[in-house]
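Encoded as C-alpha cells, the structure appears first; notes follow it.
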Amino acid sequence: MSSENTLTNKRIRVRISQDHHQEPVISRLVSEYGLIVNIKAAILGHNAVGDGWFDLDLQGTEAQIQNGLTYLQELKLQVWDENSSSDW
C-alpha cells in the first residue's frame, strides 16, 4: 500500500459561527472530501443562537484531511488541532 493511500487520524476543534449554522459543513467533509468524521463533543446554543463548537476526529489520507482543512479555512471558520489547544 502506498503512503498516499494510508489512512491517518487528526483531531480538531471547529467553531461554527452563527453565519454557518445552515451550512452542511460536516456533511461536506464526508461527501466532498471523503473523510470519516466522528463527532467527539459538540456545543450548540439553544435554537442555534450563538456559535457552535465541535470536537471532531477526522480519518482519511493526508491529502483528504488537508483538503478538508482547506475547505474549513475557506469558510473562515476557526480551527484548532489537538497540539494548539491546552484544554482538550
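Order determines the names: the first chain of the C-alpha cells is A, the second B, and so forth; residues in each chain are numbered 1 upward, and ligands are numbered 1 upward as they are shown.
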What are the nearest atom pairs, with distances in Å to one decimal, for all residues of region 33-54 of chain A that come at most 12 Å from region 76-80 of chain A, using only C-alpha atoms, set out by chain and rising residue number as CSV?
```
residue,atom,partner,partner_atom,distance
A:Asp51,CA,A:Leu77,CA,10.7
A:Gly52,CA,A:Leu77,CA,10.8
A:Trp53,CA,A:Gln78,CA,9.6
A:Phe54,CA,A:Val79,CA,9.7
```
Would you save the residues of that selection, restricted to N, CA, C and O atoms, as a PDB file, in the first residue's frame?
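Listed below is the output, out_36.pdb:
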```pdb
ATOM      1  N   ASP A  51     -22.495  30.823  18.599  1.00  0.00           N
ATOM      2  CA  ASP A  51     -21.563  29.950  17.892  1.00  0.00           C
ATOM      3  C   ASP A  51     -21.648  28.525  18.419  1.00  0.00           C
ATOM      4  O   ASP A  51     -21.997  28.295  19.566  1.00  0.00           O
ATOM      5  N   GLY A  52     -21.317  27.578  17.553  1.00  0.00           N
ATOM      6  CA  GLY A  52     -21.239  26.183  17.939  1.00  0.00           C
ATOM      7  C   GLY A  52     -19.789  25.726  17.915  1.00  0.00           C
ATOM      8  O   GLY A  52     -18.959  26.284  17.197  1.00  0.00           O
ATOM      9  N   TRP A  53     -19.488  24.743  18.722  1.00  0.00           N
ATOM     10  CA  TRP A  53     -18.144  24.167  18.796  1.00  0.00           C
ATOM     11  C   TRP A  53     -18.259  22.671  18.599  1.00  0.00           C
ATOM     12  O   TRP A  53     -19.138  22.032  19.172  1.00  0.00           O
ATOM     13  N   PHE A  54     -17.375  22.121  17.780  1.00  0.00           N
ATOM     14  CA  PHE A  54     -17.366  20.697  17.520  1.00  0.00           C
ATOM     15  C   PHE A  54     -15.962  20.163  17.688  1.00  0.00           C
ATOM     16  O   PHE A  54     -15.009  20.720  17.120  1.00  0.00           O
TER      17      PHE A  54
END
```
Report task. Using backbone DSSP assignments, extract all strand (DSSP E or B) residues from chain A; output them as a PyMOL selection string. Result -> chain A and resi 8-16+36-43+52-60+78-81
Report task. For region 9-19 of chain A, please output as a VMD selection string all residues within 10 Å (counting only C-alpha atoms; exclusion window: fewer than 3 positions along the same chain). Result -> chain A and resid 22 to 23 25 35 to 45 48 to 62 65 69 72 75 to 85 88
Requested in this report: Can you work out which one of A:His20, A:Ile26, A:Ser31, A:Thr8 has the shortest atom-to-atom distance to Gln66 (chain A), counting only C-alpha atoms?
Outcome: A:Thr8
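Pairwise distance (CA of Leu7 (chain A), CA of Leu29 (chain A)) equals 15.3 Å.
Backbone DSSP of region 20-80 of chain A yields alpha helix (DSSP H) at A:Val25, A:Ile26, A:Ser27, A:Arg28, A:Leu29, A:Val30, A:Ser31, A:Glu62, A:Ala63, A:Gln64, A:Ile65, A:Gln66, A:Asn67, A:Gly68, A:Leu69, A:Thr70, A:Tyr71, A:Leu72, A:Gln73, A:Glu74.
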Report task. Could you give me, as a list in words, the residues within 10 Å of Glu32 (chain A), counting only C-alpha atoms and dropping anything in the same chain fewer than 6 positions from it? Result -> Gln64, Asn67, Gly68 and Tyr71 of chain A
